[in-house]
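Participant: Here you go, one structure.
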Amino acid sequence: MLWFPQLPSWIRWPSHSTTRHVLYGIIIGFSLSLTSTSLALYYQTRKRQKIAEKFTPRPIELRIDEVVSGVTGLIGNTPLVRINSLSDALGVEILGKAEFLNPGGSVKDRVALRMINDAERLGLLRRHTGSRIFEGTVGSTGISIATIARAKGYDATIIMPDDVAKEKISALRALGATVEQVRPASIVDKKQYVNLARQRAARFGRNDSLTESELLQPSHLIPSPTSSVVVSTKSLHVNFDTDNLEEEEDYLTKPRGFFADQFENRSNFDAHFEGTGPEIWRQTNGRIDAFVSGAGTGGTLAGIGQYIKSLNKNVVVALADPEGSGLYNKVKHGVMFDRKESEGTKRRHQVDTVVEGIGINRLTNNIDLALPIIDDAFRISDAEAVSMSRFLVQHDGLFLGSSSACNLVACVKLVRRMGWAEGQTLVTILCDSGSRHYSKFWNDEYLHKANIPIDPHIVEELLMPVPPLEPHL
């Protein structure tokens, strides 16, 4: 026989009707909760399925059992590496595209290969004819061009500022490139390194006494898809009006001079829109919340950003811009200007920063393609970039170059600005390794003379937890 405790007179057991209604309420509430949760999971699953339909779900193209054709076959399909120290500290996933693993040592291998391949496809370059590729660069693109030129049977002439890291010059000469160093100058100066590369290509095989106007006469210039790409030929007997140009032996066999023009060449954008961007999308299975990159020519930011935005317009695309570059103000205020452009405040003639490879003070065709899809921008100081590079060596064993460090500082700043801490995924570009920066960015004596502090605590402070805001009384 069951015994129920004696309850005080003021407490009564609920009636059967009340108990039944309470029970029904609990069941209905639980059912509605399950239903709403199921619907939310259903819509999330459907969203993932729609994203998945847009690409082949494969984490990365492995080459374990694959034999590639020469050095150019090694370009691309670089892995994404999780930056453990930053990711763990912030509660997100910061992934770096390890472009320093390309055979030429940087992301510019992709661009150089695409520019040369496109020129060959269009009949502008022919292998093993004594042709020479000209380019103006601060180093990485030149090394990539020199690498691929050797593999394909071309010579290379690289013109660069005389204040770049010495390691880049040594690498170029080791690859057999002709290196010409000039004083850094504005793009409006005819002696600026890009302008000189264009002139050298136009003068290829011509009499040195010819004037610039005579060089640009069409008698020896091969028509190209854009006015920026200059192609000259040593052939003196070519009739460009004929319909059988490809049958003229003199035209096909004589050496040519080719100015690649990475800043304006659409092949730069295409290399990333058709290559790097799809790789990142596959490697993340389409689960990416932000893409962060600096911009030198603009091709990387534009190509990858445009591709990812075409598949998910909600992905945040952010610019990492070093000191002295005008792109930050262009994104934020619509004006291409930086405070260090003021007369008498600059250490250098181009972009006043120890960071090499990104930053620019003019608009290019490739940057024009990037501007419409940039959602945010971050100014990165030299001190912040240096601090990040030292922090990564200490905590991750990653020995990276200046632009890679700059990109990762921007990732941290974006996470803080967005208030992310729930596993969101950010992807950035690890452009090159620190081995190309011993004489400047990784030279403590050089940094001290330039009054750039070496302080790992700068990054540590960026990573410190943000205290919650006190409620207003």
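Every chain in the structure tokens takes a letter, A first, then B, and so on in the order presented; its residues are numbered from 1, and the ligands are numbered from 1 following the presented order.
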Please report as JSON lines every residue of range 355-465 of chain A lying within 7 Å of range 87-102 of chain A, along with the nearest atom pair and their distance in Å (one decimal), using only C-alpha atoms.
Facilitator:
{"residue": "A:Ala421", "atom": "CA", "partner": "A:Gly91", "partner_atom": "CA", "distance": 4.6}
{"residue": "A:Glu422", "atom": "CA", "partner": "A:Gly91", "partner_atom": "CA", "distance": 5.9}
{"residue": "A:Gly423", "atom": "CA", "partner": "A:Val92", "partner_atom": "CA", "distance": 4.0}
{"residue": "A:Gln424", "atom": "CA", "partner": "A:Val92", "partner_atom": "CA", "distance": 5.0}
{"residue": "A:Thr425", "atom": "CA", "partner": "A:Glu93", "partner_atom": "CA", "distance": 4.6}
{"residue": "A:Leu426", "atom": "CA", "partner": "A:Ile94", "partner_atom": "CA", "distance": 4.9}
{"residue": "A:Val427", "atom": "CA", "partner": "A:Leu95", "partner_atom": "CA", "distance": 4.8}
{"residue": "A:Thr428", "atom": "CA", "partner": "A:Gly96", "partner_atom": "CA", "distance": 5.0}
{"residue": "A:Ile429", "atom": "CA", "partner": "A:Lys97", "partner_atom": "CA", "distance": 4.9}
{"residue": "A:Leu430", "atom": "CA", "partner": "A:Ala98", "partner_atom": "CA", "distance": 5.2}
{"residue": "A:Cys431", "atom": "CA", "partner": "A:Glu99", "partner_atom": "CA", "distance": 5.3}
{"residue": "A:Asp432", "atom": "CA", "partner": "A:Phe100", "partner_atom": "CA", "distance": 4.3}
{"residue": "A:Ser433", "atom": "CA", "partner": "A:Phe100", "partner_atom": "CA", "distance": 5.7}
{"residue": "A:Leu463", "atom": "CA", "partner": "A:Ala89", "partner_atom": "CA", "distance": 6.4}
Participant: Take the residues that were just selected and, keeping all heavy atoms, output them as a CSV table (one decimal), in the first residue's frame.
Facilitator:
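Below is the file selection_11.csv, written as the result:
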chain,number,residue,atom,x,y,z
A,421,ALA,N,34.8,34.9,-32.2
A,421,ALA,CA,35.5,34.0,-31.2
A,421,ALA,C,34.8,32.6,-31.2
A,421,ALA,O,35.0,31.9,-30.2
A,421,ALA,CB,35.5,34.6,-29.8
A,422,GLU,N,34.1,32.3,-32.3
A,422,GLU,CA,33.4,31.1,-32.3
A,422,GLU,C,33.8,30.2,-33.4
A,422,GLU,O,32.9,29.6,-34.1
A,422,GLU,CB,31.9,31.4,-32.3
A,422,GLU,CG,31.4,32.1,-31.1
A,422,GLU,CD,29.9,32.5,-31.2
A,422,GLU,OE1,29.3,32.2,-32.2
A,422,GLU,OE2,29.3,33.0,-30.2
A,423,GLY,N,35.1,30.1,-33.7
A,423,GLY,CA,35.5,29.2,-34.7
A,423,GLY,C,35.4,29.7,-36.2
A,423,GLY,O,35.5,28.9,-37.1
A,424,GLN,N,35.2,31.0,-36.4
A,424,GLN,CA,35.1,31.5,-37.7
A,424,GLN,C,36.5,31.2,-38.5
A,424,GLN,O,37.5,31.2,-37.8
A,424,GLN,CB,34.8,33.0,-37.7
A,424,GLN,CG,33.4,33.3,-37.3
A,424,GLN,CD,33.2,33.5,-35.8
A,424,GLN,OE1,34.1,33.2,-35.1
A,424,GLN,NE2,32.1,34.0,-35.4
A,425,THR,N,36.4,31.1,-39.8
A,425,THR,CA,37.6,30.8,-40.6
A,425,THR,C,38.1,31.9,-41.4
A,425,THR,O,37.3,32.5,-42.2
A,425,THR,CB,37.3,29.6,-41.5
A,425,THR,OG1,37.0,28.4,-40.7
A,425,THR,CG2,38.5,29.2,-42.4
A,426,LEU,N,39.3,32.3,-41.2
A,426,LEU,CA,40.0,33.4,-42.0
A,426,LEU,C,41.1,32.7,-42.8
A,426,LEU,O,41.9,31.9,-42.3
A,426,LEU,CB,40.5,34.5,-41.1
A,426,LEU,CG,39.5,35.3,-40.3
A,426,LEU,CD1,39.3,34.6,-38.9
A,426,LEU,CD2,40.1,36.7,-40.0
A,427,VAL,N,41.2,33.1,-44.1
A,427,VAL,CA,42.3,32.7,-44.9
A,427,VAL,C,43.1,33.8,-45.4
A,427,VAL,O,42.6,34.9,-45.7
A,427,VAL,CB,41.8,31.9,-46.1
A,427,VAL,CG1,42.9,31.5,-47.0
A,427,VAL,CG2,41.0,30.6,-45.7
A,428,THR,N,44.5,33.7,-45.3
A,428,THR,CA,45.3,34.7,-45.8
A,428,THR,C,46.5,34.1,-46.6
A,428,THR,O,46.5,32.9,-46.7
A,428,THR,CB,45.9,35.6,-44.7
A,428,THR,OG1,46.6,36.8,-45.2
A,428,THR,CG2,46.9,34.8,-43.8
A,429,ILE,N,47.3,34.9,-47.2
A,429,ILE,CA,48.4,34.5,-48.0
A,429,ILE,C,49.7,34.6,-47.3
A,429,ILE,O,50.1,35.7,-46.8
A,429,ILE,CB,48.5,35.3,-49.3
A,429,ILE,CG1,47.1,35.2,-50.1
A,429,ILE,CG2,49.6,34.8,-50.2
A,429,ILE,CD1,46.7,33.8,-50.5
A,430,LEU,N,50.5,33.5,-47.2
A,430,LEU,CA,51.9,33.5,-46.7
A,430,LEU,C,52.8,33.6,-47.9
A,430,LEU,O,53.1,32.6,-48.5
A,430,LEU,CB,52.1,32.3,-45.9
A,430,LEU,CG,51.1,32.0,-44.7
A,430,LEU,CD1,51.6,30.8,-43.9
A,430,LEU,CD2,51.0,33.2,-43.8
A,431,CYS,N,53.1,34.9,-48.3
A,431,CYS,CA,53.6,35.2,-49.6
A,431,CYS,C,55.0,34.5,-49.9
A,431,CYS,O,55.3,33.9,-50.9
A,431,CYS,CB,53.7,36.7,-49.8
A,431,CYS,SG,52.2,37.5,-49.4
A,432,ASP,N,55.9,34.7,-48.9
A,432,ASP,CA,57.2,34.2,-49.0
A,432,ASP,C,57.8,34.0,-47.7
A,432,ASP,O,57.2,34.3,-46.6
A,432,ASP,CB,58.1,35.1,-49.9
A,432,ASP,CG,58.4,36.5,-49.3
A,432,ASP,OD1,57.9,36.7,-48.2
A,432,ASP,OD2,59.0,37.3,-50.0
A,433,SER,N,59.0,33.4,-47.6
A,433,SER,CA,59.6,33.0,-46.3
A,433,SER,C,60.6,34.2,-45.9
A,433,SER,O,60.9,35.1,-46.7
A,433,SER,CB,60.4,31.7,-46.4
A,433,SER,OG,61.6,31.9,-47.1
A,463,LEU,N,46.6,40.2,-28.9
A,463,LEU,CA,45.9,38.9,-28.7
A,463,LEU,C,45.3,38.8,-27.3
A,463,LEU,O,44.6,37.8,-27.0
A,463,LEU,CB,46.9,37.7,-28.8
A,463,LEU,CG,47.5,37.5,-30.2
A,463,LEU,CD1,48.6,36.4,-30.2
A,463,LEU,CD2,46.4,37.2,-31.2
Participant: Set the distance at 12 Å and use only C-alpha atoms: which residues neighbour Gly142 in chain A once local chain neighbours fewer than 6 positions away are removed? I'd like the list as number ranges by chain.
Facilitator: A: 104-109, 111-113, 133-136, 148-149, 155-161, 168-173, 175-180, 194, 197, 259-262, 357
Participant: Identify all residues of range 74-242 of chain A in alpha helix (DSSP H) (DSSP on the backbone) and supply them as number ranges by chain.
Facilitator: A: 84-90, 108-121, 140-152, 166-174, 193-203, 212-215
Participant: Figure out the distance between CA of Gly73 in chain A and CA of Thr147 in chain A, please, to one decimal in Å.
Facilitator: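 These two atoms are separated by 12.4 Å.
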Participant: Using only C-alpha atoms, which residues sit within 8 Å of Met388 in chain A once same-chain residues fewer than 2 positions away are excluded, as a PyMOL selection string?
Facilitator: chain A and resi 384-386+390-392+405-406+408-409+456+458-459
Participant: So how many Å separate CA of Ser85 in chain A and CA of Ala383 in chain A, to one decimal?
Facilitator: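 Rounded to one decimal, the two atoms are 19.3 Å apart.
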